[in-house]
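Here the structure comes first, spelled out in structure tokens, and everything after it is commentary.
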Amino acid sequence: MPFVNHRGQRIHYTVDGKGPLIVLQHGLLMSGESWKRGGIVEALTDRYRVACVDSLGHGQSDKPSEAALYHQTQRAGDIIAVLDDLDCERAHLIGHSMGAWLAVGVARHYPERLASLVLGGWDFVTGLPPTSRGPVTFDGFMKFAGRAAPELVEWVTPACEPGVRACFEALNQLDGARDAVVGAGAPVLIWEGRDDPAHHQRKALAEATGLGFLSTAGDHLGMLLVHGAESAKGIRAFAERYGT
């Protein structure tokens with residue numbers, strides 16, 4: 001049950017399998033276990049060493065209250081700290097939702113550490129989609145999540161809520177994202193579920209920026225938790241196409 005210490009915080013991760021390293025970074029309110037629940041880890045470990053990272057504020061990682069600790073630059077460094085702990089120079093990095101936002105941070109600040117990059121369920125140009133009443137708020141998001149997937153919010157106690165809120169607020173940090181992704185210097189794949197309302201928009205974004213696009217079954221959560229085997233097949237094909 002490995003932990004790495006970075007900037008005074010403990011970051012938890014798990015490792016399964018052997019081979020070239022794939023790092024999986026989960027979304028808001030989830031954890032590294034989400035990738036196992038969806039069957040993605042199992043579908044990759046016969047060929048790859050797979051690290052699932054608990055983002056700061058989630059899972060078994062530390063959950064500080066200070067908002068400044070959740071900035072994209074610092075949390076991208078958390079992922080690199082895991083790579084360093086595993087003595088890996090370059091890895092395939094797959095992020096879903098908030099995890100894709102974190103992966104963009106790696107592309108911005110550590111592009112030389114990427115073998116390839118997969119961004120799932122995230123618009124790296126515009127960020128969170130607005131609601132009919134304007135920008136989505138943390139309180140509104142939590143109410144929606146509580147109705148749609150109550151198991152994702154039941155762990156959020158008053159003690160760890162400030163960290164989760166800081167994670168959400170940090171998602172507005174989009175400066176330099178487009179240039180970082182398009183100019184990452186590594187192959188990039190945009191991954192989206194066909195039942196997500198943003199599917200066609202994300203496909204258009206991939207085409208406009210000359211990036212690969214993976215369309216799988218499911219909505220924002222279903223593409224990972226329900227149709228993980230199909231998603232893993234496409235992710236694996238992408239990683240194998242680009243070597244390591």
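The chains in the structure tokens are called A, B, ... from first to last as shown; in each chain the residues are counted from 1, and the ligands are counted from 1 in the order shown.
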12 Å contact set for Asp179 (chain A), only C-alpha atoms, chain neighbours under 5 positions out, as a list of chain:residue names: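 Here the answer would be A:Val104, A:Gly105, A:Ala107, A:Arg108, A:His109, A:Pro111, A:Phe124, A:Val125, A:Leu174, A:Ala184, A:Gly185, A:Thr209.
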Contacts of region 211-227 of chain A within 10 Å, only C-alpha atoms, excl. fewer than 2 positions in-chain, as a PyMOL selection string: chain A and resi 26-27+34-40+96-97+118-122+149+181-182+187-200+202-209+229-235+238
Take the residues from that selection and put them in a file with N, CA and C atoms, as a tab-separated table (two decimals), in the first residue's frame.
```tsv
chain	number	residue	atom	x	y	z
A	26	HIS	N	-8.05	9.56	-11.27
A	26	HIS	CA	-9.51	9.56	-11.18
A	26	HIS	C	-10.10	10.97	-11.15
A	27	GLY	N	-11.42	11.04	-11.17
A	27	GLY	CA	-12.14	12.30	-11.14
A	27	GLY	C	-12.58	12.70	-9.75
A	34	SER	N	-11.72	3.38	-8.28
A	34	SER	CA	-12.73	3.49	-9.34
A	34	SER	C	-12.28	2.78	-10.61
A	35	TRP	N	-10.98	2.84	-10.90
A	35	TRP	CA	-10.46	2.19	-12.10
A	35	TRP	C	-10.55	0.68	-11.98
A	36	LYS	N	-10.42	0.16	-10.78
A	36	LYS	CA	-10.54	-1.28	-10.58
A	36	LYS	C	-12.01	-1.70	-10.63
A	37	ARG	N	-12.86	-0.89	-10.05
A	37	ARG	CA	-14.29	-1.18	-10.08
A	37	ARG	C	-14.80	-1.27	-11.51
A	38	GLY	N	-14.29	-0.45	-12.39
A	38	GLY	CA	-14.74	-0.45	-13.77
A	38	GLY	C	-14.09	-1.52	-14.63
A	39	GLY	N	-13.13	-2.27	-14.08
A	39	GLY	CA	-12.48	-3.34	-14.84
A	39	GLY	C	-11.33	-2.88	-15.71
A	40	ILE	N	-10.97	-1.63	-15.63
A	40	ILE	CA	-9.91	-1.11	-16.50
A	40	ILE	C	-8.55	-1.64	-16.08
A	96	HIS	N	-9.43	10.91	-16.00
A	96	HIS	CA	-10.88	11.00	-16.23
A	96	HIS	C	-11.43	12.17	-15.45
A	97	SER	N	-12.15	13.07	-16.12
A	97	SER	CA	-12.79	14.21	-15.49
A	97	SER	C	-11.75	15.08	-14.77
A	118	VAL	N	-4.07	10.53	-22.31
A	118	VAL	CA	-5.48	10.29	-22.60
A	118	VAL	C	-6.31	11.16	-21.67
A	119	LEU	N	-7.19	11.97	-22.25
A	119	LEU	CA	-8.04	12.88	-21.48
A	119	LEU	C	-9.49	12.44	-21.65
A	120	GLY	N	-10.08	11.92	-20.58
A	120	GLY	CA	-11.44	11.41	-20.64
A	120	GLY	C	-12.43	12.29	-19.91
A	121	GLY	N	-13.55	12.60	-20.56
A	121	GLY	CA	-14.63	13.32	-19.91
A	121	GLY	C	-14.27	14.72	-19.47
A	122	TRP	N	-13.45	15.40	-20.25
A	122	TRP	CA	-13.01	16.75	-19.86
A	122	TRP	C	-12.75	17.59	-21.09
A	149	ALA	N	-25.62	10.00	-7.95
A	149	ALA	CA	-24.72	8.93	-7.51
A	149	ALA	C	-24.38	9.13	-6.04
A	181	VAL	N	-1.75	20.87	-24.28
A	181	VAL	CA	-2.24	19.60	-24.81
A	181	VAL	C	-1.85	19.43	-26.27
A	182	VAL	N	-2.12	20.46	-27.07
A	182	VAL	CA	-1.82	20.36	-28.50
A	182	VAL	C	-0.32	20.25	-28.74
A	187	PRO	N	1.79	11.64	-27.98
A	187	PRO	CA	0.46	11.37	-28.56
A	187	PRO	C	-0.64	11.67	-27.55
A	188	VAL	N	-1.74	12.26	-28.03
A	188	VAL	CA	-2.87	12.63	-27.16
A	188	VAL	C	-4.16	12.04	-27.72
A	189	LEU	N	-4.95	11.48	-26.82
A	189	LEU	CA	-6.24	10.89	-27.19
A	189	LEU	C	-7.33	11.51	-26.32
A	190	ILE	N	-8.40	11.98	-26.94
A	190	ILE	CA	-9.57	12.46	-26.23
A	190	ILE	C	-10.56	11.30	-26.15
A	191	TRP	N	-11.06	11.02	-24.96
A	191	TRP	CA	-11.92	9.85	-24.71
A	191	TRP	C	-13.26	10.33	-24.15
A	192	GLU	N	-14.35	9.88	-24.76
A	192	GLU	CA	-15.67	10.34	-24.32
A	192	GLU	C	-16.72	9.25	-24.50
A	193	GLY	N	-17.67	9.21	-23.57
A	193	GLY	CA	-18.78	8.28	-23.68
A	193	GLY	C	-19.85	8.79	-24.62
A	194	ARG	N	-20.41	7.90	-25.40
A	194	ARG	CA	-21.39	8.32	-26.41
A	194	ARG	C	-22.68	8.87	-25.81
A	195	ASP	N	-22.97	8.52	-24.57
A	195	ASP	CA	-24.19	9.02	-23.93
A	195	ASP	C	-23.97	10.32	-23.17
A	196	ASP	N	-22.77	10.83	-23.17
A	196	ASP	CA	-22.50	12.12	-22.53
A	196	ASP	C	-22.98	13.23	-23.47
A	197	PRO	N	-23.72	14.21	-22.96
A	197	PRO	CA	-24.19	15.30	-23.82
A	197	PRO	C	-23.07	16.04	-24.54
A	198	ALA	N	-21.85	15.97	-24.00
A	198	ALA	CA	-20.74	16.69	-24.61
A	198	ALA	C	-19.98	15.85	-25.63
A	199	HIS	N	-20.46	14.63	-25.93
A	199	HIS	CA	-19.71	13.74	-26.81
A	199	HIS	C	-19.35	14.39	-28.14
A	200	HIS	N	-20.34	14.93	-28.83
A	200	HIS	CA	-20.08	15.48	-30.16
A	200	HIS	C	-19.19	16.73	-30.07
A	202	ARG	N	-16.83	17.22	-27.83
A	202	ARG	CA	-15.46	16.76	-27.58
A	202	ARG	C	-14.86	16.14	-28.84
A	203	LYS	N	-15.68	15.45	-29.61
A	203	LYS	CA	-15.19	14.89	-30.87
A	203	LYS	C	-14.78	16.01	-31.81
A	204	ALA	N	-15.58	17.08	-31.87
A	204	ALA	CA	-15.25	18.22	-32.72
A	204	ALA	C	-13.97	18.89	-32.24
A	205	LEU	N	-13.79	18.98	-30.93
A	205	LEU	CA	-12.56	19.56	-30.39
A	205	LEU	C	-11.34	18.74	-30.78
A	206	ALA	N	-11.47	17.42	-30.71
A	206	ALA	CA	-10.35	16.55	-31.11
A	206	ALA	C	-10.02	16.75	-32.58
A	207	GLU	N	-11.05	16.81	-33.41
A	207	GLU	CA	-10.81	16.99	-34.85
A	207	GLU	C	-10.20	18.35	-35.14
A	208	ALA	N	-10.65	19.38	-34.43
A	208	ALA	CA	-10.15	20.73	-34.67
A	208	ALA	C	-8.70	20.89	-34.25
A	209	THR	N	-8.28	20.11	-33.27
A	209	THR	CA	-6.91	20.23	-32.77
A	209	THR	C	-5.99	19.12	-33.28
A	229	ALA	N	-14.35	-2.12	-19.54
A	229	ALA	CA	-13.65	-3.09	-20.39
A	229	ALA	C	-13.52	-2.58	-21.82
A	230	GLU	N	-14.60	-2.00	-22.34
A	230	GLU	CA	-14.55	-1.42	-23.69
A	230	GLU	C	-13.58	-0.24	-23.73
A	231	SER	N	-13.66	0.61	-22.71
A	231	SER	CA	-12.76	1.76	-22.66
A	231	SER	C	-11.31	1.32	-22.59
A	232	ALA	N	-11.04	0.30	-21.76
A	232	ALA	CA	-9.67	-0.19	-21.61
A	232	ALA	C	-9.13	-0.74	-22.92
A	233	LYS	N	-9.99	-1.36	-23.70
A	233	LYS	CA	-9.56	-1.89	-25.00
A	233	LYS	C	-9.04	-0.78	-25.90
A	234	GLY	N	-9.79	0.35	-25.95
A	234	GLY	CA	-9.35	1.47	-26.77
A	234	GLY	C	-8.12	2.15	-26.22
A	235	ILE	N	-8.05	2.29	-24.90
A	235	ILE	CA	-6.88	2.91	-24.26
A	235	ILE	C	-5.64	2.06	-24.50
A	238	PHE	N	-4.33	2.36	-28.02
A	238	PHE	CA	-3.63	3.63	-28.18
A	238	PHE	C	-2.23	3.56	-27.60
```
Residue list (alpha helix (DSSP H), DSSP) for region 2-242 of chain A, as a PyMOL selection string: chain A and resi 33-37+40-44+72-85+98-109+138-148+161-170+177-182+199-209+222-225+228-241
All strand (DSSP E) positions in region 17-148 of chain A, as a PyMOL selection string: chain A and resi 21-25+49-53+91-96+114-120
For Gly77 (chain A): contacts at 12 Å, only C-alpha atoms, fewer than 3 positions along chain excluded, given as a ChimeraX atom specification: /A:4-7,9,11,55-56,69-74,80-84,102-111,113
Produce a file of the selected residues containing N, CA and C atoms, as a CSV table (one decimal), in the first residue's frame.
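What landed in result39.csv:
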```
chain,number,residue,atom,x,y,z
A,4,VAL,N,3.7,8.1,-1.3
A,4,VAL,CA,4.8,9.0,-1.6
A,4,VAL,C,4.6,10.3,-0.9
A,5,ASN,N,5.6,10.9,-0.3
A,5,ASN,CA,5.5,12.2,0.3
A,5,ASN,C,6.0,13.3,-0.7
A,6,HIS,N,5.1,14.3,-0.9
A,6,HIS,CA,5.4,15.3,-1.8
A,6,HIS,C,4.9,16.6,-1.2
A,7,ARG,N,5.7,17.7,-1.1
A,7,ARG,CA,5.3,19.0,-0.6
A,7,ARG,C,4.6,18.9,0.8
A,9,GLN,N,2.8,16.4,1.9
A,9,GLN,CA,1.5,15.7,1.8
A,9,GLN,C,1.8,14.2,1.4
A,11,ILE,N,0.6,11.1,-0.6
A,11,ILE,CA,-0.2,10.7,-1.8
A,11,ILE,C,-0.1,9.2,-1.9
A,55,SER,N,-5.9,11.1,-5.7
A,55,SER,CA,-5.6,12.6,-5.7
A,55,SER,C,-5.7,13.1,-4.3
A,56,LEU,N,-4.9,14.2,-4.1
A,56,LEU,CA,-5.0,14.9,-2.8
A,56,LEU,C,-6.4,15.2,-2.5
A,69,LEU,N,-3.1,24.3,-1.6
A,69,LEU,CA,-2.5,23.0,-1.8
A,69,LEU,C,-3.1,22.3,-3.0
A,70,TYR,N,-4.2,22.7,-3.5
A,70,TYR,CA,-5.0,22.0,-4.5
A,70,TYR,C,-4.8,22.6,-5.9
A,71,HIS,N,-3.9,23.6,-6.1
A,71,HIS,CA,-3.6,24.2,-7.4
A,71,HIS,C,-3.1,23.2,-8.3
A,72,GLN,N,-3.3,23.4,-9.6
A,72,GLN,CA,-3.0,22.4,-10.6
A,72,GLN,C,-1.5,22.1,-10.7
A,73,THR,N,-0.7,23.1,-10.5
A,73,THR,CA,0.8,23.0,-10.6
A,73,THR,C,1.3,22.0,-9.6
A,74,GLN,N,0.8,22.2,-8.3
A,74,GLN,CA,1.3,21.3,-7.2
A,74,GLN,C,0.8,19.9,-7.4
A,80,ILE,N,3.9,13.3,-10.7
A,80,ILE,CA,5.4,13.1,-11.0
A,80,ILE,C,6.1,12.5,-9.8
A,81,ALA,N,5.7,12.8,-8.6
A,81,ALA,CA,6.3,12.2,-7.5
A,81,ALA,C,6.1,10.7,-7.4
A,82,VAL,N,4.9,10.3,-7.9
A,82,VAL,CA,4.6,8.8,-8.0
A,82,VAL,C,5.5,8.2,-9.1
A,83,LEU,N,5.7,8.9,-10.2
A,83,LEU,CA,6.6,8.4,-11.2
A,83,LEU,C,8.0,8.2,-10.7
A,84,ASP,N,8.4,9.2,-10.0
A,84,ASP,CA,9.8,9.2,-9.4
A,84,ASP,C,9.9,8.0,-8.4
A,102,LEU,N,-6.0,17.3,-14.2
A,102,LEU,CA,-4.7,17.1,-13.6
A,102,LEU,C,-3.6,16.6,-14.6
A,103,ALA,N,-4.1,15.7,-15.5
A,103,ALA,CA,-3.2,15.3,-16.6
A,103,ALA,C,-2.7,16.4,-17.5
A,104,VAL,N,-3.7,17.4,-17.7
A,104,VAL,CA,-3.3,18.6,-18.5
A,104,VAL,C,-2.2,19.3,-17.7
A,105,GLY,N,-2.3,19.4,-16.4
A,105,GLY,CA,-1.2,20.0,-15.6
A,105,GLY,C,0.1,19.4,-15.8
A,106,VAL,N,0.1,18.0,-16.0
A,106,VAL,CA,1.4,17.4,-16.3
A,106,VAL,C,1.9,17.8,-17.6
A,107,ALA,N,1.0,17.8,-18.6
A,107,ALA,CA,1.4,18.3,-20.0
A,107,ALA,C,1.9,19.7,-20.0
A,108,ARG,N,1.4,20.5,-19.1
A,108,ARG,CA,1.9,21.9,-19.0
A,108,ARG,C,3.3,22.0,-18.4
A,109,HIS,N,3.5,21.3,-17.3
A,109,HIS,CA,4.7,21.5,-16.5
A,109,HIS,C,5.8,20.4,-16.6
A,110,TYR,N,5.3,19.2,-17.1
A,110,TYR,CA,6.3,18.0,-17.2
A,110,TYR,C,6.1,17.3,-18.5
A,111,PRO,N,6.0,17.9,-19.6
A,111,PRO,CA,5.7,17.2,-20.8
A,111,PRO,C,6.7,16.1,-21.2
A,113,ARG,N,7.8,13.9,-19.3
A,113,ARG,CA,7.5,12.7,-18.6
A,113,ARG,C,6.4,11.9,-19.2
```
Using only C-alpha atoms: which of A:Ala68, A:Leu21, A:Ala76, A:Leu28 has the shortest distance to Thr45 (chain A):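 Distance minimum relative to Thr45 (chain A) lands on A:Leu21.
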Near Ala67 (chain A), counting only C-alpha atoms, which residues have an atom at most 10 Å away, once you skip same-chain residues fewer than 3 positions from it, shown as a CSV table (one decimal) with C-alpha atoms, in the first residue's frame?
```
chain,number,residue,atom,x,y,z
A,64,PRO,CA,-5.7,19.2,4.0
A,70,TYR,CA,-5.0,22.0,-4.5
A,71,HIS,CA,-3.6,24.2,-7.4
A,162,PRO,CA,-13.0,22.0,2.4
A,163,GLY,CA,-10.5,20.0,0.4
A,164,VAL,CA,-13.1,18.7,-1.9
A,165,ARG,CA,-14.4,22.2,-2.4
A,166,ALA,CA,-10.9,23.4,-3.1
A,167,CYS,CA,-10.5,20.6,-5.7
A,169,GLU,CA,-12.7,25.5,-7.4
A,170,ALA,CA,-9.3,24.7,-8.8
```
